[in-house]
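Structure data (compact mmCIF, C-alpha atoms) from upload20.txt:
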```txt
# COMPACT_ATOMS: atom_id res chain seq x y z
CA MET I 1 48.74 18.11 8.76
CA LYS I 2 46.43 15.16 9.45
CA VAL I 3 43.74 17.45 10.86
CA ARG I 4 43.91 19.70 7.77
CA THR I 5 43.63 16.68 5.44
CA LEU I 6 40.64 15.35 7.40
CA LEU I 7 38.89 18.72 7.18
CA VAL I 8 39.46 18.86 3.41
CA VAL I 9 38.05 15.34 2.98
CA LEU I 10 34.98 16.21 5.08
CA ALA I 11 34.43 19.39 3.08
CA ILE I 12 34.55 17.43 -0.18
CA LEU I 13 32.07 14.88 1.17
CA VAL I 14 29.67 17.64 2.21
CA VAL I 15 29.85 19.26 -1.24
CA VAL I 16 29.25 15.91 -2.95
CA ALA I 17 26.25 15.21 -0.72
CA VAL I 18 24.73 18.62 -1.42
CA VAL I 19 25.21 18.27 -5.18
CA PHE I 20 23.70 14.78 -5.08
CA GLN I 21 20.60 15.99 -3.24
CA LEU I 22 20.17 18.94 -5.60
CA ALA I 23 20.43 16.60 -8.57
CA ARG I 24 17.71 14.36 -7.13
CA ARG I 25 15.34 17.24 -6.33
CA PRO I 26 12.74 17.75 -9.10
CA GLU I 27 12.67 21.16 -10.70
CA LYS I 28 9.08 21.78 -9.64
CA ALA I 29 8.96 25.11 -11.41
CA HIS I 30 9.38 23.32 -14.75
CA LEU I 31 7.01 20.41 -14.00
CA THR I 32 3.23 20.06 -14.16
CA SER I 33 1.66 18.85 -10.93
CA ILE I 34 -1.40 16.64 -10.40
CA ASN I 35 -3.11 17.22 -7.06
CA LEU I 36 -4.33 13.98 -5.46
CA PRO I 37 -7.40 13.53 -3.21
CA SER I 38 -4.95 12.63 -0.39
CA SER I 39 -3.59 16.24 -0.46
CA LYS I 40 -0.35 14.99 -2.03
CA ALA I 41 0.84 15.83 -5.53
CA LEU I 42 2.44 13.98 -8.44
CA TYR I 43 4.86 15.71 -10.78
CA VAL I 44 4.53 14.93 -14.46
CA PRO I 45 5.94 13.12 -16.33
CA ALA I 46 5.47 10.21 -13.93
CA PRO I 47 5.43 6.44 -14.53
CA GLY I 48 2.03 4.92 -15.32
CA GLN I 49 0.54 8.10 -16.81
CA PRO I 50 -1.49 9.05 -13.69
CA GLN I 51 -4.72 10.92 -14.33
CA PRO I 52 -6.60 13.34 -12.07
CA THR I 53 -10.09 12.36 -10.92
CA ASN I 54 -12.69 13.55 -8.45
CA SER I 55 -12.60 13.16 -4.66
CA PHE I 56 -12.15 9.70 -3.08
CA PRO I 57 -12.15 7.19 -5.97
CA THR I 58 -13.19 3.80 -4.55
CA ALA I 59 -14.15 1.50 -7.44
CA ASP I 60 -13.57 1.15 -11.16
CA ALA I 61 -15.02 -0.86 -14.02
CA LEU I 62 -13.60 -1.66 -17.45
CA SER I 63 -15.97 -1.39 -20.41
CA PRO I 64 -16.54 -4.69 -22.29
CA ASP I 65 -14.68 -3.36 -25.35
CA GLY I 66 -11.69 -2.40 -23.19
CA HIS I 67 -11.70 1.22 -24.39
CA TYR I 68 -12.91 2.97 -21.23
CA LEU I 69 -12.40 2.81 -17.47
CA ALA I 70 -15.21 4.11 -15.26
CA ILE I 71 -14.13 5.42 -11.85
CA LEU I 72 -16.56 5.84 -8.94
CA ASN I 73 -15.86 8.95 -6.80
CA ASN I 74 -17.83 8.87 -3.56
CA GLY I 75 -16.12 11.50 -1.42
CA TYR I 76 -17.25 15.10 -0.88
CA GLY I 77 -16.69 16.13 -4.48
CA THR I 78 -14.45 18.95 -5.66
CA GLU I 79 -14.98 22.58 -6.57
CA GLN I 80 -14.83 21.61 -10.25
CA SER I 81 -17.70 19.13 -9.79
CA GLY I 82 -19.83 21.52 -7.74
CA PHE I 83 -18.95 19.42 -4.67
CA GLN I 84 -21.00 16.56 -6.06
CA GLN I 85 -19.96 12.92 -6.24
CA SER I 86 -19.27 11.71 -9.74
CA ILE I 87 -18.28 8.96 -12.13
CA ALA I 88 -15.19 9.75 -14.18
CA ILE I 89 -14.59 8.10 -17.55
CA LEU I 90 -10.98 7.53 -18.61
CA ASP I 91 -10.42 7.03 -22.34
CA LEU I 92 -7.61 4.47 -22.39
CA ALA I 93 -6.54 5.43 -25.92
CA THR I 94 -6.25 9.19 -25.42
CA HIS I 95 -5.76 9.19 -21.60
CA LYS I 96 -8.44 11.89 -21.35
CA VAL I 97 -10.59 11.92 -18.20
CA THR I 98 -14.15 13.26 -18.39
CA ASP I 99 -16.02 13.75 -15.11
CA PHE I 100 -19.79 13.27 -14.81
CA PRO I 101 -21.11 14.70 -11.50
CA ASP I 102 -24.54 13.55 -10.32
CA ALA I 103 -26.79 16.31 -8.96
CA ARG I 104 -28.47 13.76 -6.66
CA LEU I 105 -25.21 13.39 -4.75
CA GLY I 106 -24.35 16.78 -3.31
CA GLN I 107 -22.97 17.38 0.18
CA ARG I 108 -26.47 17.61 1.69
CA SER I 109 -28.03 14.75 -0.26
CA GLY I 110 -29.80 11.88 1.46
CA GLN I 111 -27.81 9.23 -0.43
CA THR I 112 -24.29 8.42 -1.55
CA TYR I 113 -22.38 6.29 -4.01
CA TYR I 114 -20.89 3.36 -2.16
CA LEU I 115 -18.87 0.53 -3.74
CA GLY I 116 -20.76 -1.02 -6.62
CA LEU I 117 -19.88 -0.19 -10.23
CA ALA I 118 -20.32 -2.43 -13.30
CA PHE I 119 -20.97 -2.20 -17.02
CA SER I 120 -23.82 -4.09 -18.65
CA ARG I 121 -22.81 -7.05 -20.78
CA ASP I 122 -23.19 -5.07 -24.02
CA GLY I 123 -21.51 -1.96 -22.59
CA SER I 124 -24.51 0.31 -23.19
CA LYS I 125 -25.33 0.76 -19.48
CA LEU I 126 -23.38 1.48 -16.33
CA TYR I 127 -24.72 0.43 -12.93
CA ALA I 128 -23.71 2.11 -9.65
CA SER I 129 -24.87 1.36 -6.12
CA MET I 130 -26.52 4.31 -4.38
CA SER I 131 -27.11 3.94 -0.65
CA SER I 132 -29.00 5.79 2.07
CA LEU I 133 -29.13 5.43 5.83
CA THR I 134 -31.03 8.61 6.68
CA ASP I 135 -33.85 8.16 4.13
CA PRO I 136 -33.76 4.48 3.09
CA LEU I 137 -37.16 4.61 1.36
CA GLY I 138 -36.48 7.86 -0.50
CA LYS I 139 -39.49 9.71 0.90
CA LYS I 140 -37.99 13.19 0.93
CA PRO I 141 -37.77 15.38 -2.20
CA ASN I 142 -34.70 14.60 -4.34
CA ASP I 143 -33.90 11.48 -2.28
CA THR I 144 -33.59 8.18 -4.09
CA GLY I 145 -33.46 5.76 -1.18
CA ASN I 146 -31.42 2.59 -1.62
CA GLY I 147 -30.96 1.18 -5.09
CA ILE I 148 -28.95 1.01 -8.29
CA ALA I 149 -28.45 4.08 -10.48
CA VAL I 150 -28.54 3.16 -14.16
CA TYR I 151 -26.71 5.33 -16.71
CA SER I 152 -26.70 5.09 -20.48
CA PHE I 153 -23.18 4.89 -21.90
CA GLU I 154 -22.15 5.78 -25.43
CA GLY I 155 -18.89 7.12 -26.85
CA GLY I 156 -17.41 7.68 -23.43
CA ARG I 157 -20.34 9.76 -22.17
CA LEU I 158 -22.83 9.07 -19.37
CA THR I 159 -26.46 10.16 -19.14
CA GLN I 160 -28.96 9.34 -16.39
CA ASP I 161 -31.31 6.55 -17.42
CA ARG I 162 -33.34 5.30 -14.46
CA PHE I 163 -33.15 4.15 -10.85
CA ILE I 164 -33.76 0.61 -9.58
CA LYS I 165 -35.17 0.86 -6.07
CA ILE I 166 -34.16 -1.92 -3.70
CA PRO I 167 -36.81 -2.74 -1.06
CA LEU I 168 -36.16 -3.16 2.64
CA ALA I 169 -34.94 -6.63 3.58
CA PRO I 170 -37.04 -8.88 5.81
CA LEU I 171 -35.33 -10.03 9.00
CA ALA I 172 -35.17 -13.75 9.70
CA LEU I 173 -37.03 -15.11 12.72
CA GLY I 174 -35.19 -14.24 15.92
CA LYS I 175 -33.05 -11.53 14.32
CA LYS I 176 -33.16 -7.85 15.21
CA THR I 177 -31.57 -4.83 13.59
CA ILE I 178 -29.20 -2.50 15.44
CA VAL I 179 -29.55 0.30 12.88
CA ASP I 180 -31.36 3.25 14.42
CA SER I 181 -33.78 4.69 11.87
CA LYS I 182 -37.23 6.19 12.42
CA GLU I 183 -38.17 5.18 8.88
CA LEU I 184 -37.53 1.48 9.47
CA PRO I 185 -40.63 -0.71 10.04
CA LYS I 186 -40.40 -3.51 12.59
CA GLY I 187 -38.95 -6.74 11.24
CA MET I 188 -37.14 -5.05 8.35
CA ALA I 189 -33.53 -4.10 7.66
CA ILE I 190 -31.94 -1.40 5.50
CA SER I 191 -30.43 -2.89 2.36
CA PHE I 192 -27.63 -0.30 1.75
CA PRO I 193 -26.29 -1.77 -1.53
CA ALA I 194 -22.51 -2.20 -1.64
CA GLY I 195 -20.66 -4.25 -4.26
CA LEU I 196 -22.50 -5.42 -7.37
CA ALA I 197 -21.84 -7.72 -10.33
CA VAL I 198 -23.58 -8.27 -13.66
CA LEU I 199 -24.45 -11.94 -14.10
CA SER I 200 -23.99 -13.91 -17.29
CA GLY I 201 -26.64 -16.31 -18.56
CA THR I 202 -29.77 -16.51 -20.64
CA GLY I 203 -32.69 -14.15 -20.35
CA GLY I 204 -32.61 -10.54 -19.27
CA GLU I 205 -29.71 -9.00 -17.43
CA LYS I 206 -29.43 -9.74 -13.71
CA LEU I 207 -27.50 -8.00 -10.96
CA LEU I 208 -25.97 -9.55 -7.85
CA VAL I 209 -25.87 -6.98 -5.05
CA ALA I 210 -24.34 -7.19 -1.55
CA GLU I 211 -26.73 -5.62 0.98
CA ASN I 212 -24.30 -4.22 3.52
CA LEU I 213 -26.67 -3.39 6.39
CA ALA I 214 -29.09 -6.28 5.83
CA ASP I 215 -26.50 -9.09 6.05
CA ASP I 216 -27.59 -10.67 2.78
CA ALA I 217 -27.09 -10.59 -0.98
CA VAL I 218 -29.79 -10.39 -3.62
CA VAL I 219 -30.17 -11.09 -7.32
CA LEU I 220 -32.23 -8.44 -9.10
CA ASP I 221 -33.84 -8.33 -12.50
CA ALA I 222 -32.00 -5.36 -14.02
CA GLN I 223 -35.05 -4.22 -15.96
CA SER I 224 -37.90 -4.56 -13.49
CA GLY I 225 -35.90 -4.40 -10.25
CA LYS I 226 -37.67 -7.51 -8.96
CA VAL I 227 -35.79 -9.50 -6.29
CA LEU I 228 -35.26 -12.94 -7.83
CA GLN I 229 -33.07 -14.52 -5.13
CA ARG I 230 -32.05 -13.65 -1.59
CA PHE I 231 -29.00 -15.17 0.12
CA PRO I 232 -28.98 -14.94 3.95
CA LEU I 233 -25.45 -14.17 5.17
CA SER I 234 -26.11 -13.26 8.80
CA THR I 235 -23.64 -14.52 11.41
CA ALA I 236 -25.21 -13.24 14.65
CA PRO I 237 -28.59 -12.57 16.30
CA VAL I 238 -28.23 -8.88 15.38
CA VAL I 239 -28.18 -7.35 11.89
CA PRO I 240 -25.82 -6.14 10.56
CA ALA I 241 -22.97 -8.22 11.92
CA ALA I 242 -21.35 -9.74 8.81
CA PHE I 243 -21.50 -6.56 6.65
CA PRO I 244 -21.45 -8.07 3.10
CA TYR I 245 -19.10 -5.96 1.01
CA GLY I 246 -17.92 -7.04 -2.46
CA VAL I 247 -19.23 -9.62 -4.93
CA VAL I 248 -17.80 -11.46 -7.94
CA ALA I 249 -19.38 -14.09 -10.21
CA THR I 250 -18.00 -16.77 -12.49
CA SER I 251 -18.25 -16.27 -16.25
CA ASP I 252 -20.92 -18.98 -16.58
CA GLY I 253 -23.18 -17.20 -14.10
CA LYS I 254 -23.54 -20.27 -11.88
CA THR I 255 -21.38 -19.38 -8.87
CA ALA I 256 -20.67 -16.17 -6.99
CA PHE I 257 -18.66 -15.07 -3.99
CA CYS I 258 -19.41 -12.36 -1.41
CA SER I 259 -16.86 -10.94 1.03
CA LEU I 260 -18.14 -10.67 4.61
CA TRP I 261 -16.23 -7.66 5.90
CA ASN I 262 -16.91 -8.16 9.60
CA ALA I 263 -17.01 -11.97 9.62
CA SER I 264 -13.50 -12.59 8.22
CA ALA I 265 -14.96 -14.92 5.62
CA ILE I 266 -15.99 -15.32 1.98
CA ALA I 267 -19.43 -16.75 1.23
CA GLU I 268 -19.82 -18.99 -1.82
CA LEU I 269 -23.24 -18.69 -3.50
CA ASN I 270 -24.89 -21.19 -5.84
CA LEU I 271 -26.80 -19.00 -8.29
CA GLU I 272 -28.65 -21.97 -9.77
CA THR I 273 -30.15 -23.26 -6.51
CA GLY I 274 -30.19 -20.00 -4.55
CA GLN I 275 -28.22 -21.56 -1.70
CA VAL I 276 -25.24 -20.42 0.35
CA VAL I 277 -22.86 -23.32 -0.33
CA ARG I 278 -20.18 -22.56 2.27
CA ARG I 279 -18.29 -19.89 4.16
CA ILE I 280 -14.54 -19.80 3.64
CA PRO I 281 -12.83 -18.52 6.83
CA LEU I 282 -9.99 -16.01 6.51
CA LEU I 283 -7.73 -15.58 9.55
CA GLU I 284 -10.66 -16.02 11.90
CA PRO I 285 -10.22 -14.03 15.15
CA LYS I 286 -9.38 -16.07 18.23
CA SER I 287 -11.73 -14.06 20.45
CA PRO I 288 -14.84 -11.89 19.93
CA VAL I 289 -12.83 -8.72 20.53
CA ALA I 290 -9.81 -9.63 18.39
CA PRO I 291 -9.37 -7.80 15.06
CA GLY I 292 -10.54 -9.60 11.92
CA SER I 293 -9.10 -9.76 8.42
CA HIS I 294 -11.89 -7.55 6.94
CA PRO I 295 -12.03 -8.95 3.37
CA THR I 296 -13.13 -6.35 0.84
CA ALA I 297 -12.44 -6.57 -2.90
CA MET I 298 -12.03 -9.86 -4.76
CA LEU I 299 -10.83 -10.88 -8.21
CA LEU I 300 -11.41 -14.16 -10.04
CA SER I 301 -8.63 -15.49 -12.24
CA PRO I 302 -9.66 -16.18 -15.85
```
Could you quickly redo this structure as structure tokens?
Amino acid sequence: MKVRTLLVVLAILVVVAVVFQLARRPEKAHLTSINLPSSKALYVPAPGQPQPTNSFPTADALSPDGHYLAILNNGYGTEQSGFQQSIAILDLATHKVTDFPDARLGQRSGQTYYLGLAFSRDGSKLYASMSSLTDPLGKKPNDTGNGIAVYSFEGGRLTQDRFIKIPLAPLALGKKTIVDSKELPKGMAISFPAGLAVLSGTGGEKLLVAENLADDAVVLDAQSGKVLQRFPLSTAPVVPAAFPYGVVATSDGKTAFCSLWNASAIAELNLETGQVVRRIPLLEPKSPVAPGSHPTAMLLSP
């Protein structure tokens, strides 16, 4: 009698478990799916109103009026974008995403989007870092070299405006580069622009750009492209070693910070004097072969 009762109880528990699992399983046939760049999928409706975008989104920027979010896609592109990298614009009122592929960034192009993306102060322009290791000077047809792509922005739409070329960076005395490039003159380093920030202040618009393979950061005149300031961030006799990554600037345009990806530190920059004020260590490795903290993105509180 006890054995029969136990079997009945077990059978009931099994039925309950099966029903519970079936109740939790989404009815995929009745749901819309959003394919993600990670090969996973989201089933809609889902919390947060997720939106599809192009391959490998790495950075985003909010327009000054708060109406649009620009998303930088620097992967291999998708079939819908002609396998070109793109910037997607998300309308935050309608939740509509419009993708703007760039023909200069196909799978066989000599340059790539990297990390930098920022709106101009008036919202009429969008800046994106475009980097090249194979053709840093942009000598080949359709190659841009290293620089900042400038797009006009109006009503949620992007159009190509111009390209700000960034020159090679001079190496400090006693430094040598470990980047192997036939196009690299002696005593120079490849800039490879990474994170960028639009600086506040009087006069024309200025851009602060982290030069990932040159171990420095530069301030550019956004109109002429002239290098106004250069901040040396090298931490070793070879370049690159620190790998400057992201940048942020205070609202008054006087102070900026640059994350040093391979140096486990944040560099504080005085934009008025052009000096590196200090390096803030972050979980500094105890030995040369120990893993570092690899700081990347930063955010300043209001």
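Distances to Gly156 (chain I) were evaluated for I:Leu90, I:Leu283, I:Leu184, I:Leu228 using all atoms listed in the file, and the minimum falls at I:Leu90.
The coordinates place CA of Pro185 (chain I) at 14.2 Å from CA of Gly138 (chain I).
Closest to Pro237 (chain I) among I:Leu36, I:Ala46, I:Ala172, I:Val198 is I:Ala172, based on all atoms listed in the file.
Straight-line separation from CA of Ile71 (chain I) to CA of Phe83 (chain I): 16.5 Å.
What separates CA of Ala118 (chain I) from CA of Ser181 (chain I) is a distance of 29.4 Å.
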